[in-house]
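**Student:** Below is the structure I would like to discuss, written out as structure tokens.
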Amino acid sequence: MNFSFFIAKRIRKGVEGGKQVSKPAVRIATIGIAIGLAVMIVSVSIVIGFKHEIRSKIIGFGSHIQISNYDASSSSVTKSIMANDSLMSVLGKTKGILHVQRYSLKAGMIKTPDAFQGVLIKGVGQEFDPSFFKQYLTAGRMPKFSDSQSCNEILVSKYIADRMHLKLGDRVFAYFIQDDIRVRRFKIVGIYQTNFSEYDNLYLFTDLYTITHLNNWDKDQVSGIELTINNYDNLKVMTYAVNHMFGHYVDKYGNNYSVQNIEDLNPGLFAWLGLLNMNVWVILILMIGISGFTMISGLLIIILERTNMIGILKALGATGASIRKTFLYLAIFIIGKGMLWGNIIGLLFCFIQKKFGLFRLDPATYYIDRVPIEFSLLLWALLNVATFAVAVIMLVGPSYLVAKIRPAKSIRFE
């Protein structure tokens with residue numbers, strides 16, 4: 001067996017000379033490593049979960065990429081583009097695009113005897129993917145989305161329903177101001193709540209035919225086309241590809257097309273999410289630093305406690321390098337134990353929070369009602385490897401203290 005490894009095991013087990021290593025030093029070092037690693041695992045899991053939750057909600061309302069009228073952003077009037085079957089077919093067959101759907105928008109106001117609310121009604125066709133909203137339905141069902149007939153059904157948010165004192169099955173009047181005031185009566189068939197106030201406070205959903213008719217458009221005219229891609233990491237590449245196809249396209253109505261991804265349309269929100277990465281790095285650096293310094297303190301205490309043993313080993317012919325390795329092996333034992341407990345604590349917390357959602361958040365501030373957790377096996381492995389590597393590297397310098405110990409003086413040291 002390796003000499004340094006053998007001595008380190010003997011010291012760890014407290015059998016050498018009937019003595020034990022300094023228990024407080026070892027405990028503090030072990031606790032420091034455990035807490036540091038647990039905090040890092042939890043922090044990374046929360047940030048990944050938070051970013052994923054917010055991003056999925058933004059995408060749920062607007063998909064990954066939108067094709068719309070180039071002049072729409074500079075006009076208060078809803079502008080259209082052409083979305084006929086051939087164009088939809090081309091987009092649907094494009095590599096990397098998972099789903100294609102049309103939408104049309106109409107600004108208006110809903111009114112009850114007690115209150116009124118400005119809204120943006122979004123009309124969608126039968127190809128609309130309802131999976132996002134189904135998971136946030138609090139009552140009722142999704143409307144019957146169609147581009148060929150009006151169902152007069154509407155999906156409203158819980159915020160609007162509560163503010164307007166509306167409930168499932170109620171009928172509500174919507175007013176649209178154009179050259180004259182147009183009125184449409186809708187039946188509430190579903191209520192959703194995503195806690196994403198920027199959209200919940202504004203959006204209602206109905207069929208595409210109704211909005212097309214209210215905008216006085218032809219059947220092949222819509223406000224835009226939403227594209228869902230199969231890999232978010234390819235968002236910029238796919239945006240460029242779609243823009244290359246339709247960025248300079250002019251339809252038969254003389255409308256210019258514009259291609260934007262979800263990050264272009266929501267720069268503030270994604271800049272905010274980007275700042276979370278900085279917070280994670282600060283936490284990781286602090287925790288690794290604290291863990292490393294507690295290990296340095298523990299190692300120095302252990303070396304000082306074993307000064308007599310070091311002198312005897314040197315007198316017997318042990319080299320400084322072999323003795324240094326002995327204490328590094330001992331430190332690795334302590335780091336390993338601390339990391340084991342850190343993983344147990346961190347993963348247990350993540351599991352409990354993921355399963356039961358014990359820690360809640362204010363949805364008005366954070367857009368979600370509980371602390372989100374998303375575990376990444378790759379990042380977990382990287383955290384463990386980085387923690388171990390940095391802790392060991394930080395201990396190499398202090399281990400050279402062994403070279404300063406002189407056998408003649410240290411043997412008499414107690």
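Labeling convention for the structure tokens: chains A, B, ... as they appear, residues from 1 per chain, ligands from 1 in order of appearance.
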Might you pull out every residue within 8 Å of A:Val396, with only C-alpha atoms counted and same-chain residues fewer than 4 positions away left off, and present them as a PyMOL selection string?
**Tutor:** chain A and resi 328+392+400
**Student:** Within 9 Å of stretch 207-215 of chain A, counting only C-alpha atoms, which residues qualify if same-chain residues fewer than 3 places away don't, as a ChimeraX atom specification?
**Tutor:** /A:78,102-106,121-126,143-154,176,178,182,218-219,221-223
**Student:** When DSSP works through the backbone of this structure, what residues of stretch 102-275 of chain A end up as strand (DSSP E), shown as a ChimeraX atom specification?
**Tutor:** /A:102-111,116-124,137-140,153-157,171-177,181-192,203-207,221-222,224-229,257-261
**Student:** Could you pull out the helix (DSSP H, G or I) residues of stretch 37-89 of chain A, going by DSSP on the backbone, and write them as an MDAnalysis selection string?
**Tutor:** chainID A and resid 37:62 72:74 85:89
**Student:** Measuring atom to atom with only C-alpha atoms, identify which of A:Ala315, A:Trp380, A:Asn261, A:Glu53 is nearest to A:Gly346.
**Tutor:**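 Closest residue, counting only C-alpha atoms: A:Trp380.
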**Student:** Mind pulling up the distance from atom CA of A:Leu155 to atom CA of A:Glu198?
**Tutor:**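 A separation of 16.4 Å between them.
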**Student:** As a JSON list (two decimals) with C-alpha atoms, in the first residue's frame, please: the residues near A:Ile262 (cut-off 12 Å, only C-alpha atoms, same-chain neighbours under 2 positions excluded).
**Tutor:**
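Result saved to result.json:
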```json
[["chain", "number", "residue", "atom", "x", "y", "z"],
["A", 55, "ARG", "CA", -39.00, 31.37, -20.27],
["A", 56, "SER", "CA", -41.64, 28.66, -20.77],
["A", 57, "LYS", "CA", -44.40, 31.13, -19.87],
["A", 58, "ILE", "CA", -43.12, 33.76, -22.30],
["A", 59, "ILE", "CA", -42.85, 31.12, -25.03],
["A", 60, "GLY", "CA", -46.30, 29.77, -24.12],
["A", 61, "PHE", "CA", -47.84, 33.13, -24.95],
["A", 62, "GLY", "CA", -45.78, 33.81, -28.07],
["A", 63, "SER", "CA", -43.80, 30.73, -29.24],
["A", 64, "HIS", "CA", -40.08, 30.92, -30.09],
["A", 65, "ILE", "CA", -40.22, 32.94, -33.32],
["A", 66, "GLN", "CA", -42.87, 35.28, -34.73],
["A", 67, "ILE", "CA", -43.38, 36.43, -38.29],
["A", 226, "GLU", "CA", -45.83, 31.71, -34.51],
["A", 227, "LEU", "CA", -43.10, 29.10, -34.85],
["A", 228, "THR", "CA", -42.05, 26.59, -32.22],
["A", 229, "ILE", "CA", -38.58, 25.13, -32.71],
["A", 232, "TYR", "CA", -34.10, 26.45, -27.76],
["A", 235, "LEU", "CA", -33.00, 30.02, -31.37],
["A", 236, "LYS", "CA", -30.64, 32.53, -33.00],
["A", 238, "MET", "CA", -33.34, 29.38, -36.58],
["A", 239, "THR", "CA", -34.27, 33.08, -36.40],
["A", 259, "VAL", "CA", -39.00, 37.98, -38.23],
["A", 260, "GLN", "CA", -38.29, 38.29, -34.49],
["A", 264, "ASP", "CA", -36.09, 40.27, -29.37],
["A", 265, "LEU", "CA", -39.73, 40.81, -28.40],
["A", 266, "ASN", "CA", -39.05, 40.71, -24.63],
["A", 267, "PRO", "CA", -35.57, 42.23, -24.15],
["A", 268, "GLY", "CA", -36.27, 43.47, -20.62],
["A", 269, "LEU", "CA", -37.40, 40.12, -19.29],
["A", 270, "PHE", "CA", -34.53, 38.19, -20.84]]
```
**Student:** Do a neighbour search on A:Leu383 at 12 Å with only C-alpha atoms, toss out local chain neighbours closer than 3 positions, and write the hits as a PyMOL selection string.
**Tutor:** chain A and resi 36-45+281+284-285+287-288+339+342-343+346+376-380+386-391
**Student:** Please, could you write that set of residues out with C-alpha atoms as an mmCIF file, in the first residue's frame?
**Tutor:**
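What ended up in selection-v9.cif:
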```cif
data_model
loop_
_atom_site.group_PDB
_atom_site.id
_atom_site.type_symbol
_atom_site.label_atom_id
_atom_site.label_comp_id
_atom_site.auth_asym_id
_atom_site.auth_seq_id
_atom_site.Cartn_x
_atom_site.Cartn_y
_atom_site.Cartn_z
ATOM 1 C CA GLY A 36 -20.961 25.077 0.650
ATOM 2 C CA LEU A 37 -21.763 22.254 -1.756
ATOM 3 C CA ALA A 38 -25.397 21.999 -0.608
ATOM 4 C CA VAL A 39 -25.921 25.754 -1.127
ATOM 5 C CA MET A 40 -24.342 25.562 -4.578
ATOM 6 C CA ILE A 41 -26.535 22.622 -5.652
ATOM 7 C CA VAL A 42 -29.694 24.312 -4.373
ATOM 8 C CA SER A 43 -28.779 27.716 -5.843
ATOM 9 C CA VAL A 44 -28.040 26.345 -9.305
ATOM 10 C CA SER A 45 -31.202 24.199 -9.280
ATOM 11 C CA TRP A 281 -21.450 32.961 -10.122
ATOM 12 C CA LEU A 284 -20.510 29.751 -6.344
ATOM 13 C CA ILE A 285 -17.333 31.777 -5.813
ATOM 14 C CA MET A 287 -19.249 29.106 -1.307
ATOM 15 C CA ILE A 288 -16.153 27.537 -2.868
ATOM 16 C CA MET A 339 -19.137 16.454 -0.160
ATOM 17 C CA GLY A 342 -23.433 18.222 1.010
ATOM 18 C CA ASN A 343 -24.890 16.135 -1.807
ATOM 19 C CA GLY A 346 -28.711 19.565 -1.335
ATOM 20 C CA SER A 376 -29.292 19.127 -14.086
ATOM 21 C CA LEU A 377 -27.155 15.993 -13.855
ATOM 22 C CA LEU A 378 -24.361 17.612 -15.860
ATOM 23 C CA LEU A 379 -24.179 20.735 -13.680
ATOM 24 C CA TRP A 380 -24.374 18.596 -10.532
ATOM 25 C CA ALA A 386 -15.042 21.800 -9.344
ATOM 26 C CA THR A 387 -15.549 21.801 -5.558
ATOM 27 C CA PHE A 388 -13.204 18.858 -5.090
ATOM 28 C CA ALA A 389 -10.545 20.227 -7.455
ATOM 29 C CA VAL A 390 -10.544 23.774 -6.034
ATOM 30 C CA ALA A 391 -10.505 22.559 -2.417
#
```
**Student:** Quick one: residues within 10 Å of stretch 274-276 of chain A, only C-alpha atoms, excluding same-chain residues fewer than 6 positions away - as a ChimeraX atom specification?
**Tutor:** /A:47-48,50-51,268,282
**Student:** Just to confirm, what's the straight-line distance from atom CA of A:Thr112 to atom CA of A:Lys134 in Å (one decimal)?
**Tutor:**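 Going from atom CA of A:Thr112 over to atom CA of A:Lys134 covers 26.5 Å.
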**Student:** Please report the interatomic distance between atom CA of A:Thr194 and atom CA of A:Tyr175 in Å with one decimal.
**Tutor:**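 We find that atom CA of A:Thr194 and atom CA of A:Tyr175 lie 25.3 Å from each other.
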**Student:** Just checking: using only C-alpha atoms, which residue out of A:Gly49, A:Gly224, A:Pro398, A:Gly317 ends up closest to A:Ile373?
**Tutor:** A:Gly49
**Student:** May I have the residues within 8 Å of A:Ile46 as a CSV table (one decimal) with C-alpha atoms, in the first residue's frame, using only C-alpha atoms and disregarding those fewer than 5 positions away in the same chain?
**Tutor:**
```
chain,number,residue,atom,x,y,z
A,371,VAL,CA,-39.6,28.3,-5.5
A,372,PRO,CA,-38.9,26.3,-8.7
A,373,ILE,CA,-36.4,23.5,-8.9
A,374,GLU,CA,-34.9,21.9,-12.0
```
**Student:** Which neighbours of stretch 290-297 of chain A fall inside 8 Å, counting only C-alpha atoms, when residues of the same chain fewer than 2 positions from it are skipped, and could you give them as a PyMOL selection string?
**Tutor:** chain A and resi 25+28-30+32-33+36+286-288+299-301+331+335+390-391+394-395+398
